[in-house]
Each structure stands twice: as C-alpha cells, then as structure tokens.
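**Q** Following this message is one structure expressed as structure tokens.
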Amino acid sequence: MSLTLRIILIVCSLISFLLCVMKIKQAKLKVNNAVIWMIGSIILILMSIFVNAVEWISNKLGFMAPVNFVFFVMIAFLLIEVFFNNIQISMQNEKIKDLNHYIALKEKEEKDRD
C-alpha cells in the first residue's frame, strides 16, 4: 500500500471521526448511529498503520493488491450499514402505518360521537 493512500486513509478517517463527534455534540446524530462510523474510522486507521497485516491478509485471501482488500473491506462495511438502515426504515414504516391506523380510528370515534 502506497504512502499516499495511507495518508489519505488516515486523514479521511480522522475527519469522519471528528465529524461524528461534532454531530453528536450538536445533537444532530445519535450515539447509536455514530458508533458504526467511528468503528469504521478506527478500522481504516488500523489498516493504514499496520500495512504488513493488511498485505498478509490480502495475500491469504487472494487479492491482487492490498488496496483492493481495503476497498473490499470498506464496501462490505457500507453494505452492512445500508442493511441495518433498511431494517430501521422498515421498522419506522411499520410504526407509521400503525400510527395512521390509530389516528383513523380516533377520528372515526370522534365522528361517531357527533
């Protein structure tokens, strides 16, 4: 892995980590949602510091270059995040549907009283 890529990984990881911390302090991001991004940042930092381990793992898994392994890990990380977001969205949609039904029933009860 080239020095340039390592520096880019470290800088981007630190920026994303600090951005998460700032958004938590501003109450624009919940800690539960920020933890996964902080873990991803830490993983990127570790991968850029321990290059020999990344090269060894990428060779064992059959990647042509360590950078391909880094891209693979980040894509897998993002896919997992999208999956969990979809689960959350589905749960929210169910709650909205239940709330709509509840409101409709309450409006019907009020209409029947009049």
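Lettering and numbering for the structure tokens are positional, with chains as A, B, ... in the shown order, residues counted from 1 in each chain, and ligands counted from 1 in the shown order.
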Give me the residues near region 57-66 of chain A as an mmCIF file with N, CA, C and O atoms, in the first residue's frame, where near means some atom within 12 Å (using only C-alpha atoms) and where sequence neighbours in that chain fewer than 2 positions away do not count.

**A**
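Produced file result11.cif, reproduced below:
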data_model
loop_
_atom_site.group_PDB
_atom_site.id
_atom_site.type_symbol
_atom_site.label_atom_id
_atom_site.label_comp_id
_atom_site.auth_asym_id
_atom_site.auth_seq_id
_atom_site.Cartn_x
_atom_site.Cartn_y
_atom_site.Cartn_z
ATOM 1 N N MET A 1 0.858 -1.170 0.000
ATOM 2 C CA MET A 1 0.000 0.000 0.000
ATOM 3 C C MET A 1 0.906 1.235 0.000
ATOM 4 O O MET A 1 1.833 1.326 0.791
ATOM 5 N N SER A 2 0.606 2.152 -0.881
ATOM 6 C CA SER A 2 1.472 3.321 -1.028
ATOM 7 C C SER A 2 1.315 4.279 0.153
ATOM 8 O O SER A 2 0.295 4.285 0.845
ATOM 9 N N LEU A 5 -1.766 6.616 -0.240
ATOM 10 C CA LEU A 5 -3.035 6.007 0.163
ATOM 11 C C LEU A 5 -3.143 5.929 1.679
ATOM 12 O O LEU A 5 -4.214 6.184 2.240
ATOM 13 N N ARG A 6 -2.046 5.598 2.337
ATOM 14 C CA ARG A 6 -2.064 5.526 3.800
ATOM 15 C C ARG A 6 -2.387 6.875 4.415
ATOM 16 O O ARG A 6 -3.189 6.974 5.350
ATOM 17 N N MET A 47 -5.819 -0.139 9.554
ATOM 18 C CA MET A 47 -5.357 -0.711 8.290
ATOM 19 C C MET A 47 -4.231 0.117 7.678
ATOM 20 O O MET A 47 -3.346 -0.430 7.022
ATOM 21 N N SER A 48 -4.260 1.423 7.893
ATOM 22 C CA SER A 48 -3.203 2.262 7.331
ATOM 23 C C SER A 48 -1.935 2.231 8.189
ATOM 24 O O SER A 48 -0.841 2.474 7.669
ATOM 25 N N PHE A 50 -1.006 -0.608 10.230
ATOM 26 C CA PHE A 50 -0.479 -1.977 10.169
ATOM 27 C C PHE A 50 -0.563 -2.502 8.737
ATOM 28 O O PHE A 50 -1.350 -3.400 8.422
ATOM 29 N N VAL A 51 0.270 -1.961 7.878
ATOM 30 C CA VAL A 51 0.251 -2.299 6.459
ATOM 31 C C VAL A 51 0.657 -3.753 6.235
ATOM 32 O O VAL A 51 0.100 -4.438 5.378
ATOM 33 N N ASN A 52 1.607 -4.230 7.016
ATOM 34 C CA ASN A 52 2.073 -5.611 6.838
ATOM 35 C C ASN A 52 0.944 -6.606 7.095
ATOM 36 O O ASN A 52 0.825 -7.608 6.384
ATOM 37 N N ALA A 53 0.123 -6.330 8.090
ATOM 38 C CA ALA A 53 -1.008 -7.223 8.380
ATOM 39 C C ALA A 53 -2.012 -7.198 7.234
ATOM 40 O O ALA A 53 -2.547 -8.245 6.839
ATOM 41 N N VAL A 54 -2.266 -6.011 6.686
ATOM 42 C CA VAL A 54 -3.197 -5.895 5.563
ATOM 43 C C VAL A 54 -2.646 -6.639 4.352
ATOM 44 O O VAL A 54 -3.393 -7.346 3.660
ATOM 45 N N GLU A 55 -1.361 -6.499 4.089
ATOM 46 C CA GLU A 55 -0.749 -7.202 2.967
ATOM 47 C C GLU A 55 -0.820 -8.708 3.167
ATOM 48 O O GLU A 55 -1.121 -9.452 2.233
ATOM 49 N N ASN A 68 -6.905 -3.341 -2.951
ATOM 50 C CA ASN A 68 -8.177 -3.987 -3.299
ATOM 51 C C ASN A 68 -8.857 -4.551 -2.056
ATOM 52 O O ASN A 68 -10.079 -4.518 -1.933
ATOM 53 N N PHE A 69 -8.052 -5.066 -1.135
ATOM 54 C CA PHE A 69 -8.600 -5.573 0.119
ATOM 55 C C PHE A 69 -9.193 -4.438 0.944
ATOM 56 O O PHE A 69 -10.264 -4.583 1.530
ATOM 57 N N VAL A 70 -8.513 -3.290 0.970
ATOM 58 C CA VAL A 70 -9.022 -2.118 1.700
ATOM 59 C C VAL A 70 -10.367 -1.689 1.105
ATOM 60 O O VAL A 70 -11.329 -1.436 1.831
ATOM 61 N N PHE A 71 -10.446 -1.622 -0.230
ATOM 62 C CA PHE A 71 -11.703 -1.262 -0.887
ATOM 63 C C PHE A 71 -12.794 -2.283 -0.570
ATOM 64 O O PHE A 71 -13.944 -1.926 -0.320
ATOM 65 N N PHE A 72 -12.424 -3.557 -0.572
ATOM 66 C CA PHE A 72 -13.385 -4.615 -0.254
ATOM 67 C C PHE A 72 -13.942 -4.459 1.158
ATOM 68 O O PHE A 72 -15.148 -4.564 1.370
ATOM 69 N N VAL A 73 -13.060 -4.188 2.107
ATOM 70 C CA VAL A 73 -13.494 -4.023 3.497
ATOM 71 C C VAL A 73 -14.435 -2.831 3.623
ATOM 72 O O VAL A 73 -15.479 -2.902 4.286
#

**Q** Show which residues sit within 12 Å of region 27-35 of chain A, as a PyMOL selection string. Count only C-alpha atoms, and ignore same-chain residues fewer than 2 positions away.

**A** chain A and resi 16-25+37-42+81-82+84-85+88

**Q** Could you turn the residues from that selection into a file that holds N, CA and C atoms, as an mmCIF file, in the first residue's frame?

**A**
data_model
loop_
_atom_site.group_PDB
_atom_site.id
_atom_site.type_symbol
_atom_site.label_atom_id
_atom_site.label_comp_id
_atom_site.auth_asym_id
_atom_site.auth_seq_id
_atom_site.Cartn_x
_atom_site.Cartn_y
_atom_site.Cartn_z
ATOM 1 N N SER A 16 -13.756 11.924 9.430
ATOM 2 C CA SER A 16 -15.061 11.307 9.686
ATOM 3 C C SER A 16 -15.287 11.082 11.177
ATOM 4 N N PHE A 17 -14.228 10.711 11.898
ATOM 5 C CA PHE A 17 -14.353 10.519 13.340
ATOM 6 C C PHE A 17 -14.716 11.839 14.027
ATOM 7 N N LEU A 18 -13.994 12.910 13.674
ATOM 8 C CA LEU A 18 -14.269 14.217 14.273
ATOM 9 C C LEU A 18 -15.647 14.741 13.870
ATOM 10 N N LEU A 19 -16.051 14.484 12.651
ATOM 11 C CA LEU A 19 -17.381 14.895 12.192
ATOM 12 C C LEU A 19 -18.478 14.207 13.004
ATOM 13 N N CYS A 20 -18.290 12.919 13.281
ATOM 14 C CA CYS A 20 -19.262 12.200 14.117
ATOM 15 C C CYS A 20 -19.327 12.806 15.515
ATOM 16 N N VAL A 21 -18.176 13.091 16.094
ATOM 17 C CA VAL A 21 -18.149 13.671 17.440
ATOM 18 C C VAL A 21 -18.839 15.035 17.454
ATOM 19 N N MET A 22 -18.569 15.856 16.429
ATOM 20 C CA MET A 22 -19.206 17.183 16.366
ATOM 21 C C MET A 22 -20.718 17.069 16.234
ATOM 22 N N LYS A 23 -21.181 16.147 15.385
ATOM 23 C CA LYS A 23 -22.627 15.990 15.184
ATOM 24 C C LYS A 23 -23.309 15.448 16.434
ATOM 25 N N ILE A 24 -22.615 14.633 17.195
ATOM 26 C CA ILE A 24 -23.178 14.135 18.458
ATOM 27 C C ILE A 24 -23.302 15.293 19.442
ATOM 28 N N LYS A 25 -22.272 16.119 19.524
ATOM 29 C CA LYS A 25 -22.316 17.272 20.437
ATOM 30 C C LYS A 25 -23.418 18.246 20.058
ATOM 31 N N TRP A 37 -19.909 4.342 12.460
ATOM 32 C CA TRP A 37 -18.993 5.158 11.664
ATOM 33 C C TRP A 37 -17.665 5.343 12.376
ATOM 34 N N MET A 38 -17.686 5.443 13.688
ATOM 35 C CA MET A 38 -16.442 5.561 14.441
ATOM 36 C C MET A 38 -15.638 4.268 14.363
ATOM 37 N N ILE A 39 -16.324 3.151 14.421
ATOM 38 C CA ILE A 39 -15.637 1.858 14.276
ATOM 39 C C ILE A 39 -15.001 1.754 12.899
ATOM 40 N N GLY A 40 -15.730 2.185 11.870
ATOM 41 C CA GLY A 40 -15.169 2.178 10.519
ATOM 42 C C GLY A 40 -13.943 3.054 10.407
ATOM 43 N N SER A 41 -13.980 4.205 11.049
ATOM 44 C CA SER A 41 -12.811 5.103 11.039
ATOM 45 C C SER A 41 -11.621 4.458 11.725
ATOM 46 N N ILE A 42 -11.871 3.833 12.844
ATOM 47 C CA ILE A 42 -10.788 3.171 13.583
ATOM 48 C C ILE A 42 -10.206 2.026 12.759
ATOM 49 N N GLU A 81 -23.892 -1.346 6.725
ATOM 50 C CA GLU A 81 -24.565 -0.142 7.217
ATOM 51 C C GLU A 81 -25.889 0.083 6.488
ATOM 52 N N VAL A 82 -25.902 -0.099 5.177
ATOM 53 C CA VAL A 82 -27.136 0.059 4.398
ATOM 54 C C VAL A 82 -28.166 -0.984 4.827
ATOM 55 N N PHE A 84 -28.505 -2.418 7.807
ATOM 56 C CA PHE A 84 -29.082 -2.030 9.101
ATOM 57 C C PHE A 84 -29.982 -0.803 8.976
ATOM 58 N N ASN A 85 -29.627 0.122 8.086
ATOM 59 C CA ASN A 85 -30.508 1.270 7.851
ATOM 60 C C ASN A 85 -31.833 0.829 7.246
ATOM 61 N N GLN A 88 -33.999 -0.476 9.959
ATOM 62 C CA GLN A 88 -34.548 0.640 10.727
ATOM 63 C C GLN A 88 -35.680 1.328 9.972
#

**Q** How far is it from CA of Ser13 (chain A) to CA of Phe83 (chain A), in Å with one decimal?

**A**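 Those two atoms sit 21.8 Å apart.
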
**Q** What are the DSSP helix (DSSP H, G or I) residues of region 27-84 of chain A, as a ChimeraX atom specification?

**A** /A:31-49,51-61,66-84

**Q** What's around Thr4 (chain A) at 12 Å? Count only C-alpha atoms, leave out sequence neighbours fewer than 6 positions away in its own chain, and write the answer as a PDB file with C-alpha atoms, in the first residue's frame.

**A**
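What landed in result_3.pdb:
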ATOM      1  CA  ILE A  10      -5.678   8.401   7.984  1.00  0.00           C
ATOM      2  CA  VAL A  11      -6.833  11.932   7.111  1.00  0.00           C
ATOM      3  CA  SER A  48      -3.203   2.262   7.331  1.00  0.00           C
ATOM      4  CA  VAL A  67      -5.529  -1.684  -1.793  1.00  0.00           C
TER       5      VAL A  67
END
